[in-house]
Amino acid sequence: MNVSYNHFFPTSIKNALSNDPPGAWIPKIPTDCIRLHRGYPASSLVPYDEIKSAVNTLIDNEHDLPLHYLGSAQVGLLKEKIQRRLSERGIVVKDAELLVTSGSSQALDLIARTLLDQTAVVFMEAPTYMEALETFKNYTKQVISVPIDEHGLKVDVLETLLLKRKQEQLPMPRFMYTIPSFHNPSGVTMNPERRHRLLQLASTFDFLIVEDDAYGELSFSEKPIPLKVTDPEQRVLHVGSLSKVVAPGMRIGWIAGAEKLVSACNWFKKDLDHPFAQATIGTYLQHTDLEQHITQLRNAYRSRRDVLVAALEQSMPEYVKWTIPGGGYFVWLHVPNVDTSLLLEKSLSEGVSFIPGKYFFLTPSEGKYYLRLSFSYEEPERMVEGIQKIGELITENYT
C-alpha cells in the first residue's frame, strides 16, 4: 500500500510547500565557471589559519568541554564580543536583548516564526534578498513590495501604502524588512532622511522594522549609521552576521532588539545552536583585532569593486546601467529589453555565472531586465574576463 502523506501536513505547511523550493535561484555551474553569482567572501580573505589556531587552542585548553551540549565558556565570550562590537557601532544592548543565532538565516526564520502567520502582512523592498523572501513566504502569502531607488527605500511610497491601508481598514504590516546599508542585490544605501522617516512611520502606523545589516561593516568610505542606533521605541530588530566578515560556514549571526521580542525568538530557538562553532569564533575573536581584519576586508573589496566597475565601463553597451555601491558585495545591472534569465543560459555556456533579477522580486517579471554581479568571490582577472564575456553576449545578441 502506498502511503499518501499530504493529509499529514497542516495547511500552513501545504501553503509553504507550494512555493518554489529553497535555493531554486542557484544556477547549475559548469566546471571552472567564473562565479559572479557567489555572494561569498573571497577564499584568500577567510582567516582559516587563525580559525584553525582557535580550534587547536580551544581543544588544547578545554579538551572535551567544547564538544558537549552546553559547550565551552567561550560561547558566552562570543556573545560579549558581539555586544562590544555592536556598542562600538552605537547599538547598546543588554544581555537579554541579544540572541546569538546560527547565521542570519536562522535569525530571519526565528523572527518570521515568532511574528507571522497566514493573517500577517509583511512589507519588503523591491528588489530584496531572495532568501528572506523565500523564508517569509513560508509563513504568509500576504507579502507586499515597496520599491527602492538609488537612495534606498522609497518612504514616500511606503507612506502612501500605509495611509491607503488605514483608510480601507486593512491590517498594518507586522514588520517592514529592509536592508538599509549596501543593499542585496542593488548595493544602494538608504540615506539618513529616509531612515529617520521610516522610524517615524513605524511609530505612527505601529509596525516593527527588521533591519538586515549583513553588509553594514563593509563600507568603502562613509560608514552608515544603523537604524537600530536611533530606535527610541525599540521597534527595530537588528539582524547581523559574521558570515561576510569572518567565515560563512561557521554560521554566526544574531538578533538585537527589545527583550520581549528576543525572548520570544529564543523560546523557539531552544538549543538549536552550534556550541562548538560559537566557542571557536569566541576564541578566534579573543585573539584577533577584528577592526584591523575588517579594515583589510574593506580595502580588498573596495579594490575588487573598482576592478568590476572598470570592466563594466569597458565592456558593456551604453544602454546598460548600474549604481556604484559604497560597500558590500554586489553591483546591480539594468539591461533594458534583455531577458537576463535567457542571457544566463548563454553566459553559462561561455563559463560565466550571475543571478538573474527575477529572483529578487515578489513578482518575478519586475526583475526581467536586471541581474546581480558579485565582486567579492572571484579573483580580479577572472572578474574582468567574465564581464568581457557577458558584455560580448549582450552586444552580439541584443544590440
# chains A, B, ... in the order shown; residues from 1 in each chain; ligands from 1
call {"tool": "select_by_dssp", "arguments": {"residues": "stretch 127-356 of chain A", "states": "strand (DSSP E or B)", "output": "VMD selection string"}}
result
chain A and resid 143 to 149 152 to 153 175 to 178 208 to 212 219 236 to 241 253 to 256 321 to 322 327 330 to 334 352 to 353 355 to 356
call {"tool": "residues_around", "arguments": {"residues": "A:Glu233", "least_positions_apart": "2", "cutoff": "10 Å", "atoms": "only C-alpha atoms", "output": "number ranges by chain"}}
result
A: 199, 202-203, 208, 230-231, 235-236, 258
call {"tool": "residues_around", "arguments": {"residues": "A:Tyr284", "least_positions_apart": "2", "cutoff": "7 Å", "atoms": "only C-alpha atoms", "output": "JSON, numbers by chain"}}
result
{"A": [50, 51, 54, 280, 281, 282, 286, 287, 288]}
call {"tool": "write_last_selection", "arguments": {"atoms": "N, CA and C atoms", "output": "CSV table (one decimal), in the first residue's frame"}}
result
chain,number,residue,atom,x,y,z
A,50,GLU,N,43.9,31.4,11.3
A,50,GLU,CA,43.6,31.9,12.6
A,50,GLU,C,42.4,31.0,13.2
A,51,ILE,N,41.5,30.6,12.4
A,51,ILE,CA,40.4,29.8,12.9
A,51,ILE,C,40.9,28.4,13.3
A,54,ALA,N,42.5,28.8,16.5
A,54,ALA,CA,41.5,28.9,17.6
A,54,ALA,C,40.9,27.5,18.0
A,280,THR,N,34.5,28.3,19.0
A,280,THR,CA,35.7,28.5,18.1
A,280,THR,C,35.8,30.0,17.8
A,281,ILE,N,34.7,30.6,17.4
A,281,ILE,CA,34.7,32.0,17.0
A,281,ILE,C,34.9,32.9,18.2
A,282,GLY,N,34.4,32.5,19.3
A,282,GLY,CA,34.7,33.3,20.6
A,282,GLY,C,36.2,33.3,20.8
A,286,GLN,N,38.9,36.5,20.6
A,286,GLN,CA,39.7,36.8,21.7
A,286,GLN,C,41.1,37.1,21.3
A,287,HIS,N,41.6,36.5,20.2
A,287,HIS,CA,43.0,36.6,19.8
A,287,HIS,C,43.1,37.4,18.5
A,288,THR,N,42.1,38.1,18.1
A,288,THR,CA,42.1,38.8,16.8
A,288,THR,C,41.7,40.3,17.0
call {"tool": "atom_distance", "arguments": {"atom1": "atom CA of A:Asp117", "atom2": "atom CA of A:Lys14"}}
result
13.4 Å
call {"tool": "residues_around", "arguments": {"residues": "A:Arg89", "least_positions_apart": "6", "cutoff": "12 Å", "atoms": "only C-alpha atoms", "output": "PyMOL selection string"}}
result
chain A and resi 82-83+213+216-217+223-230+291
call {"tool": "atom_distance", "arguments": {"atom1": "atom CA of A:Lys94", "atom2": "atom CA of A:Gly253"}}
result
16.6 Å
call {"tool": "select_by_dssp", "arguments": {"residues": "stretch 82-232 of chain A", "states": "helix (DSSP H, G or I)", "output": "JSON, numbers by chain"}}
result
{"A": [82, 83, 84, 85, 86, 87, 88, 95, 96, 97, 103, 104, 105, 106, 107, 108, 109, 110, 111, 112, 113, 114, 115, 130, 131, 132, 133, 134, 135, 136, 137, 155, 156, 157, 158, 159, 160, 161, 162, 163, 164, 165, 166, 167, 192, 193, 194, 195, 196, 197, 198, 199, 200, 201, 202, 203, 204, 205, 227, 228, 229, 230]}
call {"tool": "write_last_selection", "arguments": {"atoms": "C-alpha atoms", "output": "tab-separated table (two decimals), in the first residue's frame"}}
result
chain	number	residue	atom	x	y	z
A	82	ILE	CA	29.26	40.74	19.66
A	83	GLN	CA	27.78	43.10	22.25
A	84	ARG	CA	31.03	45.04	22.36
A	85	ARG	CA	31.23	45.29	18.58
A	86	LEU	CA	27.63	46.47	18.37
A	87	SER	CA	28.33	49.04	21.08
A	88	GLU	CA	31.27	50.38	19.06
A	95	ASP	CA	22.37	40.57	27.54
A	96	ALA	CA	18.66	39.74	27.32
A	97	GLU	CA	18.32	41.94	24.22
A	103	GLY	CA	23.67	32.68	10.94
A	104	SER	CA	21.33	35.46	9.86
A	105	SER	CA	19.17	32.89	8.05
A	106	GLN	CA	18.15	31.35	11.35
A	107	ALA	CA	17.61	34.85	12.75
A	108	LEU	CA	15.17	35.70	9.95
A	109	ASP	CA	13.40	32.37	10.29
A	110	LEU	CA	13.01	32.81	14.05
A	111	ILE	CA	11.60	36.31	13.57
A	112	ALA	CA	9.17	35.00	10.96
A	113	ARG	CA	8.16	32.04	13.11
A	114	THR	CA	7.60	34.31	16.10
A	115	LEU	CA	5.73	37.15	14.39
A	130	MET	CA	15.80	36.33	-2.20
A	131	GLU	CA	16.32	34.02	0.80
A	132	ALA	CA	14.44	36.41	3.09
A	133	LEU	CA	11.64	36.40	0.53
A	134	GLU	CA	11.68	32.59	0.49
A	135	THR	CA	11.56	32.49	4.30
A	136	PHE	CA	8.70	34.94	4.81
A	137	LYS	CA	6.59	33.33	2.07
A	155	VAL	CA	9.49	56.01	2.06
A	156	ASP	CA	7.01	58.26	0.26
A	157	VAL	CA	5.57	55.21	-1.50
A	158	LEU	CA	5.60	53.33	1.81
A	159	GLU	CA	3.64	56.13	3.47
A	160	THR	CA	1.08	56.16	0.66
A	161	LEU	CA	0.59	52.40	1.02
A	162	LEU	CA	0.17	52.69	4.78
A	163	LEU	CA	-2.34	55.54	4.52
A	164	LYS	CA	-4.35	53.61	1.95
A	165	ARG	CA	-4.46	50.52	4.14
A	166	LYS	CA	-5.55	52.61	7.12
A	167	GLN	CA	-8.33	54.23	5.10
A	192	PRO	CA	19.70	59.42	6.66
A	193	GLU	CA	16.50	61.34	5.90
A	194	ARG	CA	14.71	58.22	4.75
A	195	ARG	CA	15.99	56.23	7.72
A	196	HIS	CA	14.54	58.82	10.06
A	197	ARG	CA	11.23	58.89	8.19
A	198	LEU	CA	10.99	55.08	8.23
A	199	LEU	CA	11.29	55.08	12.02
A	200	GLN	CA	8.61	57.78	12.22
A	201	LEU	CA	6.25	55.78	10.02
A	202	ALA	CA	6.80	52.67	12.15
A	203	SER	CA	5.73	54.66	15.19
A	204	THR	CA	2.75	56.35	13.51
A	205	PHE	CA	1.34	53.17	11.95
A	227	LEU	CA	18.65	52.08	12.09
A	228	LYS	CA	18.94	50.42	15.49
A	229	VAL	CA	21.15	53.27	16.74
A	230	THR	CA	18.23	55.72	16.57
call {"tool": "atom_distance", "arguments": {"atom1": "atom CA of A:Val188", "atom2": "atom CA of A:Glu150"}}
result
5.8 Å
call {"tool": "closest_residue", "arguments": {"among": "A:Tyr69, A:His293, A:Phe360, A:Tyr329", "to": "A:Asp271", "atoms": "only C-alpha atoms"}}
result
A:Tyr69
call {"tool": "residues_around", "arguments": {"residues": "A:Lys141", "least_positions_apart": "3", "cutoff": "10 Å", "atoms": "only C-alpha atoms", "output": "list in words"}}
result
Asn15, Ala16, Asn19, Asp117, Gln118, Thr119, Ala120, Val121, Val122, Phe136, Lys137, Asn138 and Ile144 of chain A
call {"tool": "closest_atom_pairs", "arguments": {"of": "stretch 296-361 of chain A", "to": "stretch 24-44 of chain A", "cutoff": "8 Å", "atoms": "only C-alpha atoms", "output": "CSV"}}
result
residue,atom,partner,partner_atom,distance
A:Tyr329,CA,A:Gly39,CA,6.6
A:Phe330,CA,A:Gly39,CA,7.8
A:Leu348,CA,A:Pro30,CA,7.1
A:Gly351,CA,A:Cys33,CA,4.5
A:Val352,CA,A:Ile34,CA,4.7
A:Ser353,CA,A:Arg35,CA,5.2
A:Phe354,CA,A:His37,CA,4.0
A:Ile355,CA,A:His37,CA,5.4
A:Tyr359,CA,A:Trp25,CA,6.3
call {"tool": "write_last_selection", "arguments": {"atoms": "all heavy atoms", "output": "mmCIF file, in the first residue's frame"}}
result
data_model
loop_
_atom_site.group_PDB
_atom_site.id
_atom_site.type_symbol
_atom_site.label_atom_id
_atom_site.label_comp_id
_atom_site.auth_asym_id
_atom_site.auth_seq_id
_atom_site.Cartn_x
_atom_site.Cartn_y
_atom_site.Cartn_z
ATOM 1 N N TYR A 329 28.975 43.658 -1.379
ATOM 2 C CA TYR A 329 29.494 42.637 -2.286
ATOM 3 C C TYR A 329 29.032 42.778 -3.737
ATOM 4 O O TYR A 329 29.567 42.081 -4.603
ATOM 5 C CB TYR A 329 28.990 41.260 -1.827
ATOM 6 C CG TYR A 329 29.776 40.546 -0.748
ATOM 7 C CD1 TYR A 329 30.760 41.182 0.006
ATOM 8 C CD2 TYR A 329 29.513 39.208 -0.472
ATOM 9 C CE1 TYR A 329 31.448 40.498 0.992
ATOM 10 C CE2 TYR A 329 30.205 38.518 0.507
ATOM 11 C CZ TYR A 329 31.166 39.164 1.245
ATOM 12 O OH TYR A 329 31.856 38.491 2.218
ATOM 13 N N PHE A 330 28.002 43.609 -4.013
ATOM 14 C CA PHE A 330 27.273 43.437 -5.259
ATOM 15 C C PHE A 330 27.151 44.711 -6.093
ATOM 16 O O PHE A 330 27.105 45.829 -5.560
ATOM 17 C CB PHE A 330 25.851 42.925 -4.972
ATOM 18 C CG PHE A 330 25.823 41.685 -4.138
ATOM 19 C CD1 PHE A 330 25.263 41.702 -2.869
ATOM 20 C CD2 PHE A 330 26.370 40.501 -4.604
ATOM 21 C CE1 PHE A 330 25.235 40.559 -2.083
ATOM 22 C CE2 PHE A 330 26.358 39.349 -3.830
ATOM 23 C CZ PHE A 330 25.785 39.381 -2.564
ATOM 24 N N LEU A 348 26.281 30.955 -19.153
ATOM 25 C CA LEU A 348 26.792 29.714 -18.574
ATOM 26 C C LEU A 348 27.489 28.860 -19.626
ATOM 27 O O LEU A 348 28.487 28.181 -19.328
ATOM 28 C CB LEU A 348 25.653 28.932 -17.923
ATOM 29 C CG LEU A 348 25.104 29.496 -16.602
ATOM 30 C CD1 LEU A 348 23.869 28.725 -16.169
ATOM 31 C CD2 LEU A 348 26.164 29.483 -15.508
ATOM 32 N N GLY A 351 30.811 29.922 -19.691
ATOM 33 C CA GLY A 351 31.564 29.732 -18.454
ATOM 34 C C GLY A 351 31.523 30.894 -17.485
ATOM 35 O O GLY A 351 32.475 31.093 -16.723
ATOM 36 N N VAL A 352 30.400 31.647 -17.484
ATOM 37 C CA VAL A 352 30.264 32.777 -16.558
ATOM 38 C C VAL A 352 28.875 32.728 -15.926
ATOM 39 O O VAL A 352 27.873 32.574 -16.629
ATOM 40 C CB VAL A 352 30.444 34.138 -17.271
ATOM 41 C CG1 VAL A 352 30.444 35.272 -16.234
ATOM 42 C CG2 VAL A 352 31.721 34.162 -18.083
ATOM 43 N N SER A 353 28.804 32.873 -14.604
ATOM 44 C CA SER A 353 27.519 32.836 -13.902
ATOM 45 C C SER A 353 27.185 34.194 -13.299
ATOM 46 O O SER A 353 28.070 34.995 -12.981
ATOM 47 C CB SER A 353 27.532 31.778 -12.804
ATOM 48 O OG SER A 353 28.471 32.122 -11.799
ATOM 49 N N PHE A 354 25.898 34.443 -13.138
ATOM 50 C CA PHE A 354 25.379 35.590 -12.384
ATOM 51 C C PHE A 354 23.980 35.204 -11.920
ATOM 52 O O PHE A 354 23.504 34.104 -12.213
ATOM 53 C CB PHE A 354 25.372 36.874 -13.226
ATOM 54 C CG PHE A 354 24.559 36.784 -14.496
ATOM 55 C CD1 PHE A 354 23.174 36.941 -14.483
ATOM 56 C CD2 PHE A 354 25.173 36.545 -15.720
ATOM 57 C CE1 PHE A 354 22.417 36.844 -15.644
ATOM 58 C CE2 PHE A 354 24.427 36.455 -16.898
ATOM 59 C CZ PHE A 354 23.043 36.603 -16.847
ATOM 60 N N ILE A 355 23.303 36.087 -11.201
ATOM 61 C CA ILE A 355 21.942 35.810 -10.753
ATOM 62 C C ILE A 355 20.975 36.714 -11.514
ATOM 63 O O ILE A 355 21.086 37.941 -11.440
ATOM 64 C CB ILE A 355 21.765 36.044 -9.240
ATOM 65 C CG1 ILE A 355 22.766 35.214 -8.441
ATOM 66 C CG2 ILE A 355 20.342 35.688 -8.814
ATOM 67 C CD1 ILE A 355 22.590 33.735 -8.549
ATOM 68 N N TYR A 359 14.706 36.705 -9.406
ATOM 69 C CA TYR A 359 14.667 36.035 -8.116
ATOM 70 C C TYR A 359 14.601 37.007 -6.938
ATOM 71 O O TYR A 359 14.351 36.582 -5.810
ATOM 72 C CB TYR A 359 15.887 35.129 -7.962
ATOM 73 C CG TYR A 359 15.901 33.988 -8.954
ATOM 74 C CD1 TYR A 359 16.825 33.954 -9.993
ATOM 75 C CD2 TYR A 359 14.978 32.947 -8.858
ATOM 76 C CE1 TYR A 359 16.839 32.910 -10.908
ATOM 77 C CE2 TYR A 359 14.985 31.903 -9.767
ATOM 78 C CZ TYR A 359 15.914 31.895 -10.795
ATOM 79 O OH TYR A 359 15.913 30.862 -11.703
#
call {"tool": "residues_around", "arguments": {"residues": "stretch 171-183 of chain A", "least_positions_apart": "3", "cutoff": "6 Å", "atoms": "only C-alpha atoms", "output": "JSON, numbers by chain"}}
result
{"A": [121, 122, 123, 124, 186, 187, 188, 189, 190, 207, 208, 209, 210, 211, 212, 216, 327, 328]}
call {"tool": "write_last_selection", "arguments": {"atoms": "all heavy atoms", "output": "short mmCIF file (atom, residue, chain, number, x, y, z; two decimals), in the first residue's frame"}}
result
data_model
loop_
_atom_site.label_atom_id
_atom_site.label_comp_id
_atom_site.auth_asym_id
_atom_site.auth_seq_id
_atom_site.Cartn_x
_atom_site.Cartn_y
_atom_site.Cartn_z
N VAL A 121 0.72 40.50 7.57
CA VAL A 121 1.19 41.21 6.39
C VAL A 121 2.66 41.59 6.61
O VAL A 121 3.04 42.05 7.69
CB VAL A 121 0.36 42.48 6.14
CG1 VAL A 121 0.89 43.27 4.95
CG2 VAL A 121 -1.10 42.12 5.92
N VAL A 122 3.47 41.37 5.59
CA VAL A 122 4.88 41.75 5.62
C VAL A 122 5.16 42.70 4.47
O VAL A 122 4.72 42.45 3.34
CB VAL A 122 5.80 40.51 5.49
CG1 VAL A 122 7.26 40.93 5.38
CG2 VAL A 122 5.62 39.58 6.66
N PHE A 123 5.86 43.78 4.75
CA PHE A 123 6.35 44.68 3.70
C PHE A 123 7.83 44.38 3.47
O PHE A 123 8.59 44.20 4.42
CB PHE A 123 6.18 46.14 4.11
CG PHE A 123 4.80 46.70 3.92
CD1 PHE A 123 3.70 45.88 3.72
CD2 PHE A 123 4.59 48.07 3.97
CE1 PHE A 123 2.43 46.40 3.56
CE2 PHE A 123 3.33 48.61 3.81
CZ PHE A 123 2.24 47.77 3.60
N MET A 124 8.21 44.32 2.20
CA MET A 124 9.61 44.10 1.82
C MET A 124 9.98 45.05 0.69
O MET A 124 9.12 45.50 -0.08
CB MET A 124 9.83 42.66 1.34
CG MET A 124 9.47 41.59 2.34
SD MET A 124 9.85 39.92 1.74
CE MET A 124 11.64 39.90 1.88
N SER A 186 20.94 45.39 -4.76
CA SER A 186 21.18 46.63 -5.51
C SER A 186 22.46 47.36 -5.13
O SER A 186 22.98 48.17 -5.89
CB SER A 186 20.00 47.58 -5.34
OG SER A 186 19.97 48.11 -4.03
N GLY A 187 22.98 47.12 -3.91
CA GLY A 187 24.18 47.80 -3.44
C GLY A 187 23.94 49.20 -2.91
O GLY A 187 24.86 49.83 -2.39
N VAL A 188 22.70 49.73 -2.99
CA VAL A 188 22.44 51.11 -2.57
C VAL A 188 22.33 51.19 -1.06
O VAL A 188 22.14 50.17 -0.37
CB VAL A 188 21.15 51.66 -3.23
CG1 VAL A 188 21.27 51.60 -4.75
CG2 VAL A 188 19.91 50.94 -2.75
N THR A 189 22.44 52.41 -0.54
CA THR A 189 22.35 52.66 0.88
C THR A 189 21.27 53.71 1.14
O THR A 189 21.25 54.75 0.50
CB THR A 189 23.70 53.13 1.44
OG1 THR A 189 24.65 52.06 1.33
CG2 THR A 189 23.59 53.55 2.90
N MET A 190 20.38 53.41 2.07
CA MET A 190 19.31 54.34 2.40
C MET A 190 19.89 55.59 3.05
O MET A 190 20.71 55.50 3.97
CB MET A 190 18.32 53.67 3.37
CG MET A 190 16.99 54.41 3.52
SD MET A 190 15.93 53.72 4.84
CE MET A 190 15.86 51.99 4.41
N PHE A 207 4.14 49.46 13.44
CA PHE A 207 4.72 48.21 12.95
C PHE A 207 6.18 48.14 13.36
O PHE A 207 6.77 49.13 13.81
CB PHE A 207 4.56 48.07 11.42
CG PHE A 207 5.21 49.16 10.60
CD1 PHE A 207 6.53 49.05 10.18
CD2 PHE A 207 4.49 50.28 10.21
CE1 PHE A 207 7.13 50.04 9.41
CE2 PHE A 207 5.07 51.28 9.43
CZ PHE A 207 6.39 51.15 9.03
N LEU A 208 6.77 46.97 13.23
CA LEU A 208 8.18 46.75 13.55
C LEU A 208 9.03 46.88 12.30
O LEU A 208 8.50 46.87 11.17
CB LEU A 208 8.38 45.37 14.18
CG LEU A 208 7.60 45.09 15.46
CD1 LEU A 208 7.77 43.64 15.87
CD2 LEU A 208 8.04 46.02 16.59
N ILE A 209 10.33 46.97 12.50
CA ILE A 209 11.29 47.01 11.39
C ILE A 209 12.31 45.90 11.62
O ILE A 209 12.88 45.79 12.71
CB ILE A 209 12.02 48.36 11.32
CG1 ILE A 209 11.02 49.50 11.07
CG2 ILE A 209 13.09 48.35 10.24
CD1 ILE A 209 11.63 50.88 11.27
N VAL A 210 12.50 45.07 10.61
CA VAL A 210 13.59 44.09 10.64
C VAL A 210 14.71 44.64 9.77
O VAL A 210 14.58 44.75 8.56
CB VAL A 210 13.12 42.72 10.13
CG1 VAL A 210 14.31 41.75 10.07
CG2 VAL A 210 12.02 42.16 11.02
N GLU A 211 15.80 45.01 10.42
CA GLU A 211 16.96 45.61 9.75
C GLU A 211 18.00 44.53 9.51
O GLU A 211 18.64 44.04 10.44
CB GLU A 211 17.55 46.73 10.61
CG GLU A 211 18.82 47.33 10.04
CD GLU A 211 19.50 48.33 10.96
OE1 GLU A 211 19.31 48.22 12.20
OE2 GLU A 211 20.21 49.21 10.46
N ASP A 212 18.18 44.15 8.26
CA ASP A 212 19.20 43.17 7.89
C ASP A 212 20.49 43.93 7.59
O ASP A 212 20.59 44.64 6.59
CB ASP A 212 18.72 42.39 6.66
CG ASP A 212 19.61 41.19 6.36
OD1 ASP A 212 20.79 41.20 6.75
OD2 ASP A 212 19.13 40.24 5.70
N GLY A 216 26.71 45.76 6.64
CA GLY A 216 26.89 47.09 7.21
C GLY A 216 28.31 47.44 7.59
O GLY A 216 28.69 48.62 7.61
N GLY A 327 29.72 49.97 -0.59
CA GLY A 327 30.17 48.90 0.29
C GLY A 327 29.51 47.60 -0.13
O GLY A 327 28.82 47.52 -1.15
N GLY A 328 29.75 46.56 0.66
CA GLY A 328 29.09 45.29 0.40
C GLY A 328 29.79 44.44 -0.64
O GLY A 328 31.01 44.51 -0.81
#
call {"tool": "closest_residue", "arguments": {"among": "A:Ala300, A:Val143, A:Leu312, A:Leu99", "to": "A:Asp273", "atoms": "only C-alpha atoms"}}
result
A:Leu99
call {"tool": "residues_around", "arguments": {"residues": "A:Ile294", "least_positions_apart": "3", "cutoff": "12 Å", "atoms": "only C-alpha atoms", "output": "NGL selection string"}}
result
:A and (45-47 or 85 or 215-220 or 242 or 244-246 or 288-291 or 297-302 or 328)
call {"tool": "decode", "arguments": {"residues": "stretch 308-316 of chain A", "atoms": "all heavy atoms", "output": "PDB file, in the first residue's frame"}}
result
ATOM      1  N   LEU A 308      35.711  45.575 -10.978  1.00  0.00           N
ATOM      2  CA  LEU A 308      34.472  45.170 -11.649  1.00  0.00           C
ATOM      3  C   LEU A 308      33.837  46.351 -12.377  1.00  0.00           C
ATOM      4  O   LEU A 308      33.409  46.229 -13.536  1.00  0.00           O
ATOM      5  CB  LEU A 308      33.494  44.589 -10.631  1.00  0.00           C
ATOM      6  CG  LEU A 308      32.184  44.056 -11.209  1.00  0.00           C
ATOM      7  CD1 LEU A 308      32.431  42.830 -12.080  1.00  0.00           C
ATOM      8  CD2 LEU A 308      31.192  43.717 -10.111  1.00  0.00           C
ATOM      9  N   VAL A 309      33.770  47.488 -11.728  1.00  0.00           N
ATOM     10  CA  VAL A 309      33.148  48.673 -12.345  1.00  0.00           C
ATOM     11  C   VAL A 309      33.938  49.113 -13.571  1.00  0.00           C
ATOM     12  O   VAL A 309      33.357  49.450 -14.616  1.00  0.00           O
ATOM     13  CB  VAL A 309      33.024  49.812 -11.316  1.00  0.00           C
ATOM     14  CG1 VAL A 309      32.627  51.116 -11.997  1.00  0.00           C
ATOM     15  CG2 VAL A 309      32.000  49.452 -10.241  1.00  0.00           C
ATOM     16  N   ALA A 310      35.261  49.093 -13.470  1.00  0.00           N
ATOM     17  CA  ALA A 310      36.089  49.457 -14.633  1.00  0.00           C
ATOM     18  C   ALA A 310      35.849  48.491 -15.793  1.00  0.00           C
ATOM     19  O   ALA A 310      35.772  48.908 -16.962  1.00  0.00           O
ATOM     20  CB  ALA A 310      37.569  49.472 -14.246  1.00  0.00           C
ATOM     21  N   ALA A 311      35.690  47.202 -15.473  1.00  0.00           N
ATOM     22  CA  ALA A 311      35.415  46.215 -16.520  1.00  0.00           C
ATOM     23  C   ALA A 311      34.046  46.455 -17.148  1.00  0.00           C
ATOM     24  O   ALA A 311      33.880  46.318 -18.370  1.00  0.00           O
ATOM     25  CB  ALA A 311      35.501  44.805 -15.939  1.00  0.00           C
ATOM     26  N   LEU A 312      33.060  46.838 -16.349  1.00  0.00           N
ATOM     27  CA  LEU A 312      31.738  47.164 -16.882  1.00  0.00           C
ATOM     28  C   LEU A 312      31.815  48.363 -17.821  1.00  0.00           C
ATOM     29  O   LEU A 312      31.222  48.369 -18.913  1.00  0.00           O
ATOM     30  CB  LEU A 312      30.759  47.455 -15.738  1.00  0.00           C
ATOM     31  CG  LEU A 312      30.342  46.267 -14.865  1.00  0.00           C
ATOM     32  CD1 LEU A 312      29.560  46.748 -13.648  1.00  0.00           C
ATOM     33  CD2 LEU A 312      29.509  45.275 -15.659  1.00  0.00           C
ATOM     34  N   GLU A 313      32.538  49.388 -17.398  1.00  0.00           N
ATOM     35  CA  GLU A 313      32.673  50.583 -18.233  1.00  0.00           C
ATOM     36  C   GLU A 313      33.344  50.267 -19.561  1.00  0.00           C
ATOM     37  O   GLU A 313      33.017  50.854 -20.600  1.00  0.00           O
ATOM     38  CB  GLU A 313      33.468  51.651 -17.471  1.00  0.00           C
ATOM     39  CG  GLU A 313      32.715  52.219 -16.266  1.00  0.00           C
ATOM     40  CD  GLU A 313      33.590  53.102 -15.394  1.00  0.00           C
ATOM     41  OE1 GLU A 313      34.841  53.074 -15.581  1.00  0.00           O
ATOM     42  OE2 GLU A 313      33.043  53.804 -14.527  1.00  0.00           O
ATOM     43  N   GLN A 314      34.252  49.307 -19.531  1.00  0.00           N
ATOM     44  CA  GLN A 314      34.997  48.935 -20.731  1.00  0.00           C
ATOM     45  C   GLN A 314      34.185  48.029 -21.649  1.00  0.00           C
ATOM     46  O   GLN A 314      34.273  48.138 -22.880  1.00  0.00           O
ATOM     47  CB  GLN A 314      36.291  48.224 -20.323  1.00  0.00           C
ATOM     48  CG  GLN A 314      37.188  47.802 -21.477  1.00  0.00           C
ATOM     49  CD  GLN A 314      37.841  48.990 -22.168  1.00  0.00           C
ATOM     50  OE1 GLN A 314      38.124  50.006 -21.533  1.00  0.00           O
ATOM     51  NE2 GLN A 314      38.089  48.881 -23.470  1.00  0.00           N
ATOM     52  N   SER A 315      33.348  47.153 -21.067  1.00  0.00           N
ATOM     53  CA  SER A 315      32.775  46.056 -21.841  1.00  0.00           C
ATOM     54  C   SER A 315      31.283  46.166 -22.132  1.00  0.00           C
ATOM     55  O   SER A 315      30.790  45.491 -23.047  1.00  0.00           O
ATOM     56  CB  SER A 315      33.028  44.725 -21.113  1.00  0.00           C
ATOM     57  OG  SER A 315      34.418  44.492 -20.936  1.00  0.00           O
ATOM     58  N   MET A 316      30.551  46.976 -21.387  1.00  0.00           N
ATOM     59  CA  MET A 316      29.105  46.989 -21.547  1.00  0.00           C
ATOM     60  C   MET A 316      28.643  48.032 -22.570  1.00  0.00           C
ATOM     61  O   MET A 316      29.224  49.116 -22.653  1.00  0.00           O
ATOM     62  CB  MET A 316      28.423  47.283 -20.202  1.00  0.00           C
ATOM     63  CG  MET A 316      28.525  46.139 -19.222  1.00  0.00           C
ATOM     64  SD  MET A 316      27.663  44.656 -19.809  1.00  0.00           S
ATOM     65  CE  MET A 316      28.473  43.395 -18.828  1.00  0.00           C
TER      66      MET A 316
END
